Structures are given as structure tokens and as C-alpha cells.
$ cat structure24.txt   # compact mmCIF, C-alpha atoms and all ligand atoms
# COMPACT_ATOMS: atom_id res chain seq x y z
CA MET G 120 39.16 23.52 -7.99
CA ALA G 121 36.89 23.74 -11.02
CA GLU G 122 39.74 22.87 -13.39
CA HIS G 123 39.88 19.29 -12.21
CA PRO G 124 37.21 16.66 -12.54
CA ALA G 125 35.29 15.72 -9.39
CA TYR G 126 36.35 12.53 -7.66
CA PRO G 127 33.36 10.19 -7.39
CA VAL G 128 32.84 8.42 -4.10
CA GLY G 129 30.03 6.76 -2.12
CA LEU G 130 29.64 8.23 1.35
CA ARG G 131 28.68 5.79 4.10
CA LEU G 132 26.74 8.10 6.36
CA SER G 133 25.05 5.65 8.69
CA GLY G 134 24.89 7.16 12.19
CA ARG G 135 27.01 10.15 11.09
CA ARG G 136 25.96 13.75 11.59
CA VAL G 137 24.78 15.52 8.46
CA VAL G 138 23.66 19.13 8.67
CA VAL G 139 21.02 20.43 6.30
CA LEU G 140 20.58 24.19 6.15
CA GLY G 141 17.21 25.25 4.70
CA GLY G 142 13.97 23.28 4.71
CA GLY G 143 12.69 24.09 1.21
CA GLN G 144 12.33 22.12 -2.00
CA VAL G 145 16.05 21.24 -2.25
CA ALA G 146 16.06 19.72 1.22
CA GLN G 147 12.79 17.94 0.47
CA ARG G 148 14.35 16.32 -2.61
CA ARG G 149 17.62 15.34 -0.94
CA LEU G 150 16.43 14.23 2.51
CA PRO G 151 14.95 10.86 1.51
CA ALA G 152 18.30 9.60 0.22
CA LEU G 153 20.13 10.91 3.30
CA LEU G 154 17.57 9.18 5.50
CA ALA G 155 17.92 5.99 3.48
CA ALA G 156 21.68 6.18 4.05
CA GLY G 157 21.00 6.20 7.81
CA ALA G 158 22.47 9.67 8.40
CA ASP G 159 21.93 11.43 11.72
CA ILE G 160 20.34 14.55 10.26
CA VAL G 161 20.11 17.97 11.87
CA LEU G 162 17.96 20.42 9.93
CA VAL G 163 18.48 24.10 10.66
CA SER G 164 15.78 26.29 9.18
CA PRO G 165 13.08 28.70 10.43
CA GLU G 166 10.57 27.06 8.03
CA ALA G 167 10.10 23.82 6.19
CA THR G 168 7.84 22.42 3.50
CA PRO G 169 4.99 20.20 4.77
CA SER G 170 6.88 17.07 3.61
CA VAL G 171 10.05 18.07 5.46
CA GLU G 172 7.97 18.98 8.50
CA ALA G 173 6.37 15.52 8.37
CA MET G 174 9.84 13.92 8.46
CA ALA G 175 10.67 15.95 11.57
CA ASP G 176 7.30 15.09 13.16
CA ALA G 177 7.98 11.42 12.48
CA GLY G 178 11.28 11.70 14.35
CA GLU G 179 13.36 10.96 11.24
CA LEU G 180 15.50 14.07 11.77
CA THR G 181 16.13 16.78 14.35
CA TRP G 182 14.74 20.16 13.37
CA GLN G 183 16.14 23.36 14.88
CA ARG G 184 13.65 26.10 13.93
CA ARG G 185 15.99 29.02 13.46
CA PRO G 186 18.30 30.55 10.86
CA TYR G 187 21.85 29.33 10.35
CA ALA G 188 24.36 30.42 12.99
CA ASP G 189 28.11 30.11 12.95
CA GLY G 190 29.18 26.85 14.61
CA ASP G 191 26.28 24.79 13.18
CA LEU G 192 28.62 22.68 11.09
CA ALA G 193 30.87 21.66 13.96
CA GLY G 194 31.04 17.90 14.18
CA ALA G 195 29.31 17.32 10.83
CA TRP G 196 30.65 14.86 8.25
CA TYR G 197 28.68 16.34 5.41
CA ALA G 198 26.49 19.39 4.84
CA LEU G 199 23.77 20.42 2.46
CA ILE G 200 23.58 24.19 2.21
CA ALA G 201 20.28 25.24 0.69
CA THR G 202 18.83 28.29 2.46
CA SER G 203 17.17 31.11 0.54
CA ASP G 204 19.68 33.60 1.97
CA PRO G 205 22.85 33.86 -0.19
CA GLU G 206 24.81 35.48 2.65
CA ALA G 207 23.98 32.66 5.04
CA ASN G 208 24.93 30.15 2.35
CA ALA G 209 28.29 31.84 1.81
CA ALA G 210 28.97 32.02 5.56
CA ALA G 211 28.05 28.35 6.02
CA SER G 212 30.20 27.42 3.07
CA ALA G 213 33.17 29.22 4.64
CA GLU G 214 32.54 27.45 7.93
CA ALA G 215 32.41 24.10 6.13
CA GLU G 216 35.78 24.88 4.55
CA ARG G 217 37.24 25.74 7.96
CA HIS G 218 35.96 22.56 9.55
CA ARG G 219 36.81 20.43 6.46
CA VAL G 220 33.23 19.32 6.03
CA TRP G 221 32.31 18.34 2.49
CA CYS G 222 29.42 20.51 1.45
CA VAL G 223 26.93 20.78 -1.37
CA ARG G 224 25.51 24.20 -2.24
CA SER G 225 22.23 24.60 -3.99
CA ASP G 226 22.94 28.17 -5.12
CA ASP G 227 26.57 27.97 -6.20
CA ALA G 228 28.01 24.73 -7.56
CA ASP G 229 31.37 26.41 -8.13
CA ALA G 230 31.75 27.28 -4.46
CA ALA G 231 30.67 23.83 -3.30
CA THR G 232 33.21 21.18 -2.28
CA ALA G 233 30.88 18.33 -3.30
CA TRP G 234 28.27 17.74 -5.98
CA THR G 235 25.27 15.48 -5.75
CA PRO G 236 25.12 13.05 -8.64
CA ALA G 237 21.87 12.13 -10.36
CA THR G 238 21.12 8.71 -8.89
CA GLY G 239 18.80 5.80 -9.44
CA THR G 240 18.78 2.17 -8.39
CA SER G 241 18.16 -1.08 -10.14
CA GLU G 242 18.49 -4.49 -8.54
CA GLY G 243 20.48 -3.28 -5.57
CA VAL G 244 22.95 -1.29 -7.70
CA THR G 245 23.11 2.50 -7.49
CA VAL G 246 23.71 4.28 -10.76
CA ALA G 247 25.23 7.72 -10.11
CA VAL G 248 25.90 10.20 -12.90
CA LEU G 249 28.12 13.20 -12.32
CA THR G 250 29.30 15.89 -14.70
CA ALA G 251 33.08 15.79 -14.72
CA GLU G 252 33.76 19.52 -14.43
CA ALA G 253 31.95 22.55 -13.02
CA ARG G 254 31.99 24.32 -16.36
CA GLY G 255 30.21 21.53 -18.15
CA ARG G 256 27.55 21.05 -15.47
CA ASP G 257 24.20 20.26 -17.01
CA PRO G 258 21.96 18.66 -14.35
CA ARG G 259 19.18 17.89 -16.85
CA HIS G 260 21.59 16.01 -19.07
CA THR G 261 23.03 13.98 -16.17
CA ALA G 262 19.48 13.19 -15.01
CA ALA G 263 18.58 12.10 -18.55
CA ILE G 264 21.62 9.79 -18.69
CA ARG G 265 20.67 8.36 -15.28
CA ASP G 266 17.08 7.81 -16.48
CA ALA G 267 18.22 6.09 -19.66
CA VAL G 268 20.61 3.75 -17.82
CA VAL G 269 18.18 2.88 -15.02
CA ALA G 270 15.25 2.38 -17.40
CA GLY G 271 17.39 0.20 -19.67
CA LEU G 272 18.54 -1.97 -16.76
CA ARG G 273 15.03 -2.25 -15.40
CA ASP G 274 13.29 -3.18 -18.63
CA GLY G 275 16.11 -5.37 -19.88
CA THR G 276 16.98 -3.29 -22.98
CA LEU G 277 20.38 -2.66 -21.37
CA VAL G 278 21.75 -6.03 -20.37
CA ALA G 279 24.53 -6.13 -17.79
CA PRO G 280 25.53 -9.77 -17.32
CA HIS G 281 25.94 -10.97 -13.74
CA HIS G 282 29.32 -12.40 -12.94
CA ARG G 283 28.12 -13.89 -9.71
CA THR G 284 26.90 -17.42 -10.41
CA ARG G 285 23.24 -17.17 -11.26
CA THR G 286 20.93 -19.52 -9.45
CA PRO G 287 19.27 -21.64 -12.09
CA GLY G 288 15.56 -21.93 -11.65
CA VAL G 289 12.22 -20.89 -12.99
CA ALA G 290 10.52 -17.51 -12.92
CA LEU G 291 6.78 -17.59 -13.44
CA VAL G 292 6.22 -14.24 -15.07
CA GLY G 293 2.83 -12.62 -15.52
CA GLY G 294 3.16 -10.93 -18.89
CA GLY G 295 0.02 -8.77 -18.73
CA PRO G 296 -2.84 -8.75 -21.22
CA GLY G 297 -0.90 -8.48 -24.48
CA ASP G 298 0.48 -4.97 -24.98
CA PRO G 299 4.26 -5.43 -24.52
CA ASP G 300 4.39 -2.22 -22.45
CA LEU G 301 2.13 -3.80 -19.83
CA ILE G 302 4.57 -6.36 -18.46
CA THR G 303 6.19 -5.41 -15.12
CA VAL G 304 9.72 -4.03 -14.96
CA ARG G 305 10.86 -7.16 -13.10
CA GLY G 306 9.21 -9.46 -15.60
CA ARG G 307 10.89 -7.74 -18.50
CA ARG G 308 14.29 -7.92 -16.83
CA LEU G 309 13.96 -11.62 -16.08
CA LEU G 310 12.92 -12.21 -19.66
CA ALA G 311 16.03 -10.41 -20.89
CA GLU G 312 18.20 -12.64 -18.68
CA ALA G 313 16.55 -15.95 -19.57
CA ASP G 314 18.16 -18.90 -21.38
CA VAL G 315 14.80 -20.54 -22.07
CA VAL G 316 11.32 -19.01 -22.34
CA ILE G 317 8.20 -21.15 -22.33
CA ALA G 318 5.37 -18.91 -23.47
CA ASP G 319 1.60 -19.10 -23.71
CA ARG G 320 -0.46 -17.98 -26.68
CA LEU G 321 -1.89 -15.12 -24.59
CA GLY G 322 0.31 -12.33 -23.25
CA PRO G 323 2.98 -10.11 -24.75
CA ARG G 324 4.14 -12.27 -27.69
CA ASP G 325 5.84 -9.26 -29.30
CA LEU G 326 8.48 -9.33 -26.57
CA LEU G 327 9.66 -12.74 -27.73
CA ALA G 328 10.83 -11.29 -31.03
CA GLU G 329 13.23 -9.00 -29.14
CA LEU G 330 15.06 -11.83 -27.38
CA PRO G 331 18.65 -12.54 -28.43
CA PRO G 332 19.13 -15.51 -30.80
CA HIS G 333 20.67 -17.79 -28.16
CA VAL G 334 17.44 -17.77 -26.12
CA GLU G 335 15.35 -20.88 -26.71
CA VAL G 336 11.68 -19.91 -27.06
CA ILE G 337 9.19 -22.73 -26.63
CA ASP G 338 5.49 -22.43 -27.43
CA ALA G 339 3.71 -24.05 -24.45
CA ALA G 340 0.84 -25.16 -26.67
CA LYS G 341 3.21 -27.11 -28.91
CA ILE G 342 5.06 -29.17 -26.30
CA PRO G 343 4.36 -32.80 -27.26
CA TYR G 344 2.68 -34.38 -24.27
CA GLY G 345 2.34 -38.03 -25.26
CA ARG G 346 0.97 -39.92 -22.30
CA TYR G 347 0.93 -36.83 -20.07
CA MET G 348 -1.72 -34.14 -19.70
CA ALA G 349 -0.71 -30.90 -21.44
CA GLN G 350 -0.08 -29.15 -18.10
CA GLU G 351 2.10 -32.03 -16.87
CA ALA G 352 4.15 -31.81 -20.06
CA ILE G 353 4.70 -28.09 -19.43
CA ASN G 354 5.71 -28.79 -15.82
CA ASN G 355 8.16 -31.46 -17.03
CA ALA G 356 9.67 -29.10 -19.59
CA LEU G 357 10.19 -26.44 -16.91
CA ILE G 358 11.85 -28.97 -14.60
CA GLU G 359 14.01 -30.46 -17.34
CA HIS G 360 15.44 -27.15 -18.50
CA ALA G 361 16.02 -25.88 -14.96
CA LYS G 362 17.85 -29.13 -14.11
CA GLN G 363 20.23 -28.38 -16.98
CA GLY G 364 21.25 -25.28 -15.03
CA LYS G 365 19.34 -22.85 -17.21
CA SER G 366 17.41 -19.74 -16.24
CA VAL G 367 13.90 -20.48 -17.33
CA VAL G 368 11.05 -18.00 -17.70
CA ARG G 369 7.52 -19.31 -17.86
CA LEU G 370 5.79 -16.38 -19.55
CA LYS G 371 2.06 -16.37 -18.91
CA GLY G 372 -0.78 -14.11 -19.99
CA GLY G 373 -2.14 -11.66 -17.40
CA ASP G 374 -1.36 -12.73 -13.85
CA PRO G 375 -0.02 -16.26 -13.24
CA PHE G 376 -2.51 -16.91 -10.43
CA VAL G 377 -5.70 -15.68 -12.14
CA PHE G 378 -7.01 -18.70 -14.03
CA GLY G 379 -3.42 -19.28 -15.07
CA ARG G 380 -2.64 -22.62 -13.40
CA GLY G 381 0.38 -20.90 -11.92
CA MET G 382 0.16 -22.65 -8.58
CA GLU G 383 0.20 -26.07 -10.25
CA GLU G 384 3.53 -25.14 -11.80
CA VAL G 385 4.83 -23.79 -8.47
CA GLN G 386 3.86 -27.06 -6.78
CA ALA G 387 5.47 -29.24 -9.45
CA LEU G 388 8.69 -27.22 -9.23
CA ALA G 389 8.70 -27.40 -5.43
CA GLU G 390 8.29 -31.18 -5.58
CA ALA G 391 11.25 -31.37 -7.97
CA GLY G 392 13.33 -29.13 -5.68
CA ILE G 393 13.65 -26.39 -8.31
CA PRO G 394 13.82 -22.78 -7.05
CA CYS G 395 10.93 -20.75 -8.35
CA THR G 396 9.98 -17.13 -8.20
CA VAL G 397 6.60 -15.66 -9.13
CA VAL G 398 6.27 -12.25 -10.76
CA PRO G 399 2.71 -10.94 -10.66
CA GLY G 400 1.21 -9.55 -13.84
CA ILE G 401 -1.55 -7.18 -14.85
CA SER G 402 -4.62 -9.36 -15.18
CA SER G 403 -6.86 -9.03 -18.22
CA SER G 404 -9.82 -9.06 -15.83
CA ILE G 405 -9.16 -5.43 -14.91
CA SER G 406 -6.88 -4.13 -17.64
CA VAL G 407 -8.89 -5.23 -20.65
CA PRO G 408 -12.10 -3.49 -19.48
CA ALA G 409 -9.95 -0.43 -18.66
CA ALA G 410 -8.41 -0.45 -22.12
CA ALA G 411 -11.93 -0.34 -23.53
CA GLY G 412 -12.94 2.57 -21.29
CA ILE G 413 -14.73 0.54 -18.62
CA PRO G 414 -13.88 0.93 -14.92
CA VAL G 415 -14.68 -2.23 -12.98
CA THR G 416 -15.81 -0.03 -10.07
CA HIS G 417 -17.23 3.49 -10.16
CA ARG G 418 -18.39 5.70 -7.32
CA GLY G 419 -22.14 5.55 -6.94
CA VAL G 420 -22.41 2.75 -9.51
CA ALA G 421 -20.54 -0.37 -8.41
CA HIS G 422 -18.88 -1.07 -5.08
CA GLU G 423 -17.73 -4.55 -5.97
CA PHE G 424 -16.50 -6.57 -8.89
CA THR G 425 -16.35 -10.30 -9.19
CA VAL G 426 -14.13 -12.19 -11.61
CA VAL G 427 -15.51 -15.51 -12.76
CA SER G 428 -14.43 -18.23 -15.12
CA GLY G 429 -17.07 -19.06 -17.71
CA HIS G 430 -15.25 -22.02 -19.24
CA VAL G 431 -17.98 -24.41 -18.14
CA ALA G 432 -21.70 -23.63 -18.37
CA PRO G 433 -23.63 -22.83 -15.14
CA ASP G 434 -25.52 -26.15 -15.30
CA ASP G 435 -22.33 -28.18 -15.81
CA GLU G 436 -21.60 -30.31 -12.76
CA ARG G 437 -17.91 -29.31 -12.94
CA SER G 438 -18.79 -25.63 -12.38
CA LEU G 439 -17.65 -24.28 -9.01
CA VAL G 440 -19.42 -20.94 -9.53
CA ASP G 441 -22.57 -20.10 -7.59
CA TRP G 442 -24.34 -18.33 -10.47
CA PRO G 443 -27.69 -17.84 -8.66
CA SER G 444 -25.86 -15.93 -5.90
CA LEU G 445 -23.91 -13.89 -8.43
CA ALA G 446 -27.21 -12.95 -10.09
CA LYS G 447 -28.30 -11.34 -6.80
CA LEU G 448 -25.25 -9.06 -6.59
CA THR G 449 -25.59 -5.55 -7.95
CA GLY G 450 -21.95 -4.88 -8.83
CA THR G 451 -19.78 -5.73 -11.79
CA LEU G 452 -19.30 -9.25 -13.08
CA VAL G 453 -16.20 -9.90 -15.18
CA VAL G 454 -16.27 -13.21 -17.01
CA LEU G 455 -13.12 -14.72 -18.48
CA MET G 456 -13.17 -17.64 -20.92
CA GLY G 457 -16.92 -17.10 -21.23
CA ILE G 458 -17.57 -16.49 -24.92
CA ASP G 459 -18.60 -20.06 -25.79
CA LYS G 460 -21.05 -20.32 -22.88
CA ILE G 461 -22.29 -16.72 -22.78
CA GLY G 462 -25.85 -17.69 -23.79
CA LYS G 463 -26.28 -20.04 -20.82
CA ILE G 464 -24.53 -17.62 -18.48
CA ALA G 465 -26.81 -14.70 -19.43
CA GLU G 466 -29.88 -16.92 -19.21
CA THR G 467 -28.96 -18.10 -15.70
CA LEU G 468 -28.23 -14.58 -14.45
CA VAL G 469 -31.61 -13.34 -15.72
CA ALA G 470 -33.43 -16.40 -14.36
CA HIS G 471 -32.05 -15.61 -10.89
CA GLY G 472 -32.82 -11.94 -10.78
CA ARG G 473 -30.53 -9.80 -12.95
CA SER G 474 -32.41 -7.49 -15.27
CA PRO G 475 -32.34 -8.54 -18.95
CA ASP G 476 -31.46 -4.89 -19.71
CA THR G 477 -28.21 -5.09 -17.73
CA PRO G 478 -25.48 -3.66 -19.98
CA VAL G 479 -22.80 -6.06 -21.24
CA ALA G 480 -19.54 -5.31 -23.04
CA LEU G 481 -17.44 -7.86 -24.90
CA VAL G 482 -13.81 -6.83 -25.28
CA GLN G 483 -11.83 -9.00 -27.64
CA GLU G 484 -8.01 -9.04 -27.78
CA GLY G 485 -7.82 -6.14 -25.36
CA THR G 486 -4.73 -3.89 -25.30
CA THR G 487 -3.49 -5.25 -28.65
CA ALA G 488 -3.74 -3.65 -32.07
CA ALA G 489 -6.72 -5.93 -32.78
CA GLN G 490 -8.76 -4.80 -29.75
CA ARG G 491 -12.46 -4.40 -30.33
CA ARG G 492 -15.44 -3.74 -28.08
CA VAL G 493 -18.98 -4.84 -28.78
CA ASP G 494 -21.86 -3.80 -26.50
CA ALA G 495 -25.06 -5.71 -25.75
CA THR G 496 -27.41 -6.47 -22.85
CA LEU G 497 -27.98 -9.72 -20.99
CA ALA G 498 -31.04 -10.24 -23.21
CA THR G 499 -29.13 -9.77 -26.47
CA VAL G 500 -25.58 -10.89 -25.73
CA ALA G 501 -25.80 -14.45 -27.09
CA GLU G 502 -27.15 -13.20 -30.41
CA THR G 503 -24.62 -10.33 -30.50
CA VAL G 504 -21.70 -12.73 -30.03
CA ARG G 505 -22.96 -14.79 -32.97
CA ALA G 506 -23.84 -11.85 -35.21
CA GLU G 507 -20.60 -9.98 -34.53
CA ASP G 508 -18.48 -13.13 -34.52
CA VAL G 509 -16.86 -12.27 -31.18
CA ARG G 510 -14.10 -14.78 -30.46
CA PRO G 511 -11.77 -15.63 -27.63
CA PRO G 512 -9.76 -14.21 -26.08
CA ALA G 513 -12.41 -11.83 -24.83
CA VAL G 514 -13.46 -10.43 -21.50
CA VAL G 515 -17.17 -10.05 -20.78
CA VAL G 516 -18.13 -7.19 -18.48
CA ILE G 517 -21.64 -7.25 -17.04
CA GLY G 518 -23.12 -4.34 -15.09
CA ALA G 519 -23.87 -0.62 -15.03
CA VAL G 520 -20.15 0.28 -15.21
CA VAL G 521 -20.28 -0.56 -18.91
CA LYS G 522 -22.11 2.74 -19.39
CA ALA G 523 -20.05 4.75 -16.88
CA GLY G 524 -17.45 6.18 -19.22
CA PRO G 525 -17.82 8.87 -21.86
CA GLU G 526 -18.52 7.41 -25.30
CA SER G 527 -15.23 8.81 -26.60
CA VAL G 528 -13.14 6.64 -24.25
CA ALA G 529 -14.40 3.33 -25.57
C1 LIG G 601 -6.79 -18.87 -19.15
S1 LIG G 601 -7.39 -17.28 -18.83
C2 LIG G 601 -5.95 -16.50 -18.30
C3 LIG G 601 -6.18 -15.20 -17.61
C4 LIG G 601 -4.90 -14.49 -17.26
N1 LIG G 601 -4.13 -15.24 -16.31
C5 LIG G 601 -5.14 -13.09 -16.72
O1 LIG G 601 -4.90 -12.81 -15.53
O2 LIG G 601 -5.54 -12.23 -17.50
C6 LIG G 601 -7.62 -16.71 -20.46
C7 LIG G 601 -8.76 -15.71 -20.59
O3 LIG G 601 -8.35 -14.43 -20.19
C8 LIG G 601 -9.00 -13.45 -20.96
N2 LIG G 601 -7.98 -12.67 -21.68
C9 LIG G 601 -6.67 -12.76 -21.52
N3 LIG G 601 -6.04 -11.83 -22.28
C10 LIG G 601 -7.00 -11.16 -22.92
C11 LIG G 601 -6.99 -10.08 -23.84
N4 LIG G 601 -5.87 -9.50 -24.24
N5 LIG G 601 -8.18 -9.62 -24.30
C12 LIG G 601 -9.33 -10.18 -23.89
N6 LIG G 601 -9.39 -11.20 -23.04
C13 LIG G 601 -8.24 -11.68 -22.54
C14 LIG G 601 -9.93 -14.19 -21.90
O4 LIG G 601 -11.19 -14.29 -21.28
C15 LIG G 601 -9.25 -15.51 -22.01
O5 LIG G 601 -10.14 -16.51 -22.42
$ encode --input "structure24.txt" --output "C-alpha cells"
Amino acid sequence: MAEHPAYPVGLRLSGRRVVVLGGGQVAQRRLPALLAAGADIVLVSPEATPSVEAMADAGELTWQRRPYADGDLAGAWYALIATSDPEANAAASAEAERHRVWCVRSDDADAATAWTPATGTSEGVTVAVLTAEARGRDPRHTAAIRDAVVAGLRDGTLVAPHHRTRTPGVALVGGGPGDPDLITVRGRRLLAEADVVIADRLGPRDLLAELPPHVEVIDAAKIPYGRYMAQEAINNALIEHAKQGKSVVRLKGGDPFVFGRGMEEVQALAEAGIPCTVVPGISSSISVPAAAGIPVTHRGVAHEFTVVSGHVAPDDERSLVDWPSLAKLTGTLVVLMGIDKIGKIAETLVAHGRSPDTPVALVQEGTTAAQRRVDATLATVAETVRAEDVRPPAVVVIGAVVKAGPESVA
């Protein structure tokens, strides 16, 4: 049997009896996939790990609390033999052979009639990697191949073109705060499949350099807008390219819906009848403080955090922020787009009750190679921004959490 390569196949086990002998680590690892396949699972084992026990308690499988007995494999389509008793394993294996039940053995791959491939999924496709022959079996190597293929498909470094017709449309992708590793797996895949990418100045610009030459990359800030507002011009560009049947990615910094005007783009696309999907991103409001060693909440220090736009000053009639109320909160205040108006913001917070000694951190270009953190207090922050020449993009963190981390983290 070992002289020939294994024949790969996908078993459709829905509603079919599968017998699992042994409730230890092997069963614990294999059961989720058997459950996902809809198998009717009978577990025979005197003991089980807490996770396996929880599956039985939840009614996901039938557990017979006893050792293996001859006849257990009758009526099974498939068996997993993984007890800690080699004699029981051998006896069960012989029974499986008699009943022509394909069986996997955890203790003796040579004696098994089936092998479990290393599997992973990406976009509804299962990748299964199997060593061809018993002699060459190297489970770590097959798992490493599986990991490489699945990771490549997920992050777009391995591109497998779809031969189904792709639906043209727009994906609004949150690119995260700037570090190219901080985009989501889905975002990266959509980027790898795009025909056109319209990108903001903020976000993972480095990823654009990796795109194949046929991909048209458009800088959102440079779209000529003529008689339109800049945002309208971007909306029009998205619609125009999608109408040409292209897959368009609108790559945005952070999360598309956190001060990102993402919903305006969604609305414009909906009005034009263009399909649109939104991929959330890691917002700078949380990730940039974290990258500088600041948790936005910390037990015993802050039970809330509030994210505010500081693009207009507190006394500006266009401001929708209730700064006096924010001044009365004791938790963390995270201000985006607030560098220009930080003097007025700090003044207003102090005037309405926040202590002038409240710690403040300014984190510029967080998560990129140029990241820097400058600390101040509400009393000194305006002067610190000037003296240290802190520039956008920067996140301002106000509150006791600024001092929560060890110095070495910042
Ligand atoms: C128009 S808002 C967009 C926010 C974005 N949608 C998000 O969720 O992070 C731009 C502001 O986000 C903050 N910001 C974005 N990326 C940043 C980064 N890498 N470092 C510091 N601040 C950043 C700055 O306050 C900047 O002015």
C-alpha cells in the first residue's frame, strides 16, 4: 500500500456516521473540521479533553464514555483512530479493514487506510496538502506548504486569477494607519486583484509599489476637480472606472468610516447603481496610540475613550463637538486632525474642568518608520507643538493613560 501515492479526495460527510476513537488532543484538533463537514459523530472514549467534552455537552456529537469495543465501527463511513492504547488502535484498524471503513490512525500512518491532509481555506476554497507516499511523510513540511499557500492567497502575494466573471465594482478598503502589515487580509487581497486603485495620502502607501504594472494607481489628492468639490471628483472617478467594468479599490487611511468620508462614497456609488463593498480598517485612533505604547483604556485608569475630530476649533460654529461636556469626562480623549487647533482645544478643556496637568501625548506618523512621540500636558501642549514642530498626521491622546505604560514601551 505504501508503495503507491495516496489518492486525494474530498469526503462529503454530511449526515454520515463518523466514529472517533479517543478523546485526546488528536480528536480535539480533528473534530472541528468533521463537525464543519456536518458529520454524524460518535466519540468512543473513557475520557476527553475539556474542549472535546464541551462539544459533547453542546450536543455537537454523541459521546460513549467507554473504551473501544469490537463492533464500534459497524455502519461508519469513516473513522479516526486515536486512542492511547496501541492494542485498541490495532484492533480497531483491523475492524475498519473488515468493514471497509476508511480510517486514519494517529499512531501508525503506515497501517492507516487514509491520511489527513494539512488544510486551510481562503475565499471558499480549501487548500489540502498531502505527502504523496508514506515513506516521505513529513507533516511539518506539508503544514508549512499549506501555510505558505493560504497566506499567499489571503494577502494577495499569490495571485490566482478568477475565471468566473468578476463583478465590477468598488471596494472601499480601510488600509490601516500606515504600516503595510496593518491592512486586513481581505483588503490586501482586493488590492492585489484591482484594476484601478484610488489612494489617499494617509494609509499604507508602500503597498502601492508592489502592485503589478497594469494596475492604474490614482492619487486621490491629485484628481482635477474643476467645478466639483474634491470629494465629488473622487466619487465621479470611482463611478467612471467602475462603469468601464473595472475592479476599483478606494484605498483609505485607517478605517473608511472614521472621519474618512466613506459613507459619502458609498451613497454616491449606490445612487449610480455601482456595487460597493466596504472593508473595515484599523483606525489610527486606537492603533497609533498603541504603537506609541499608550492603551486607550487601562484597568483602574480609564473606562472610556472618546474619539473626536479637532479639525475645527471649539468656538467655531461648524463644530459639532460638545467640548464642555468632554471636559467633564475622566477617561481618554483621542483627537484626530487636531494639531492646528490644539491650543484652543486644550484651553477649552481646562476652562471647563480638566486639570491643566492632564498628560497629553502627540504621536506623529504612527506605525511608520518616521513615527515619533512627544509628551506634554494640557497646560503646555500648544507650546510643545510649536517648539517641537509637531505636524500632521498626528494623533493627540489626552488623559492618564498616557502615563500607564512602562517608559521602555514608548
Ligand atoms: C481624515 S482623518 C482619517 C482617519 C482615518 N480614517 C482613521 O481611521 O485612522 C486623518 C487623521 O487621522 C490621524 N492619522 C491617520 N493616520 C495617522 C498616522 N499614521 N499617525 C498619526 N495620525 C494619523 C491624524 O490625526 C490625521 O489628521
$ closest_residue --input "structure24.txt" --among "G:Val334, G:Val440, G:Ile461, G:Ala262" --to "ligand LIG 601 (chain G)" --atoms "only C-alpha atoms and all ligand atoms"
G:Ile461
$ residues_near_ligand --input "structure24.txt" --ligand "ligand LIG 601 (chain G)" --cutoff "7 Å" --atoms "only C-alpha atoms and all ligand atoms" --output "ChimeraX atom specification"
/G:295-297,321-322,371-379,401-404,407,454-457,482-487,511-514
$ residues_near_point --input "structure24.txt" --point "(33.9, 28.2, 5.8)" --cutoff "12 Å" --atoms "all atoms listed in the file" --output "list in words"
Asp189, Gly190, Asp191, Leu192, Ala193, Ala198, Ile200, Ala207, Asn208, Ala209, Ala210, Ala211, Ser212, Ala213, Glu214, Ala215, Glu216, Arg217, His218, Arg219, Val220, Trp221, Cys222, Ala230, Ala231 and Thr232 of chain G
$ closest_residue --input "structure24.txt" --among "G:Ser406, G:Gln147, G:Gln490, G:Thr467" --to "Trp442 in chain G" --atoms "all atoms listed in the file"
G:Thr467
$ atom_distance --input "structure24.txt" --atom1 "CA of Leu291 in chain G" --atom2 "CA of Val398 in chain G"
6.0 Å
$ axis_aligned_box --input "structure24.txt" --around "range 510-521 of chain G" --padding-each-side "3 Å" --output "AutoDock Vina command-line options"
--center_x -16.8 --center_y -7.7 --center_z -22.7 --size_x 20.1 --size_y 21.9 --size_z 21.4
$ atom_distance --input "structure24.txt" --atom1 "CA of Ala290 in chain G" --atom2 "CA of Ile405 in chain G"
23.2 Å
$ residues_around --input "structure24.txt" --residues "Ser170 in chain G" --least-positions-apart "2" --cutoff "10 Å" --atoms "all atoms listed in the file" --output "PDB file with C-alpha atoms, in the coordinates of the input"
ATOM      1  CA  GLY G 142      13.970  23.280   4.710  1.00  0.00           C
ATOM      2  CA  GLY G 143      12.690  24.090   1.210  1.00  0.00           C
ATOM      3  CA  GLN G 144      12.330  22.120  -2.000  1.00  0.00           C
ATOM      4  CA  ALA G 146      16.060  19.720   1.220  1.00  0.00           C
ATOM      5  CA  GLN G 147      12.790  17.940   0.470  1.00  0.00           C
ATOM      6  CA  ARG G 148      14.350  16.320  -2.610  1.00  0.00           C
ATOM      7  CA  ALA G 167      10.100  23.820   6.190  1.00  0.00           C
ATOM      8  CA  THR G 168       7.840  22.420   3.500  1.00  0.00           C
ATOM      9  CA  GLU G 172       7.970  18.980   8.500  1.00  0.00           C
ATOM     10  CA  ALA G 173       6.370  15.520   8.370  1.00  0.00           C
ATOM     11  CA  MET G 174       9.840  13.920   8.460  1.00  0.00           C
ATOM     12  CA  ALA G 175      10.670  15.950  11.570  1.00  0.00           C
ATOM     13  CA  ASP G 176       7.300  15.090  13.160  1.00  0.00           C
TER      14      ASP G 176
END
$ atom_distance --input "structure24.txt" --atom1 "CA of Gly194 in chain G" --atom2 "CA of Arg136 in chain G"
7.1 Å
$ closest_residue --input "structure24.txt" --among "G:Thr477, G:Thr235, G:Thr261, G:Thr276" --to "Val304 in chain G" --atoms "all atoms listed in the file"
G:Thr276
$ residues_near_point --input "structure24.txt" --point "(-21.4, -3.2, -9.6)" --cutoff "9 Å" --atoms "all atoms listed in the file" --output "PyMOL selection string"
chain G and resi 415-417+420-425+448-452+517-520
$ closest_residue --input "structure24.txt" --among "G:Leu326, G:Ala313, G:Leu481, G:Leu162" --to "Gly178 in chain G" --atoms "all atoms listed in the file"
G:Leu162
$ residues_around --input "structure24.txt" --residues "Glu502 in chain G" --least-positions-apart "5" --cutoff "12 Å" --atoms "all atoms listed in the file" --output "ChimeraX atom specification"
/G:458-459,461-463,465,493-497,507-509
$ residues_around --input "structure24.txt" --residues "range 124-131 of chain G" --least-positions-apart "2" --cutoff "12 Å" --atoms "only C-alpha atoms" --output "PyMOL selection string"
chain G and resi 120-122+133-137+152-159+196-197+221+228-229+231-236+238+245-256
$ residues_around --input "structure24.txt" --residues "Gln183 in chain G" --least-positions-apart "3" --cutoff "9 Å" --atoms "all atoms listed in the file" --output "CSV table (one decimal) with C-alpha atoms, keeping the file's coordinate frame"
chain,number,residue,atom,x,y,z
G,161,VAL,CA,20.1,18.0,11.9
G,162,LEU,CA,18.0,20.4,9.9
G,163,VAL,CA,18.5,24.1,10.7
G,164,SER,CA,15.8,26.3,9.2
G,165,PRO,CA,13.1,28.7,10.4
G,186,PRO,CA,18.3,30.6,10.9
$ closest_residue --input "structure24.txt" --among "G:Ala195, G:Glu359, G:Arg473, G:Pro287" --to "Leu132 in chain G" --atoms "all atoms listed in the file"
G:Ala195
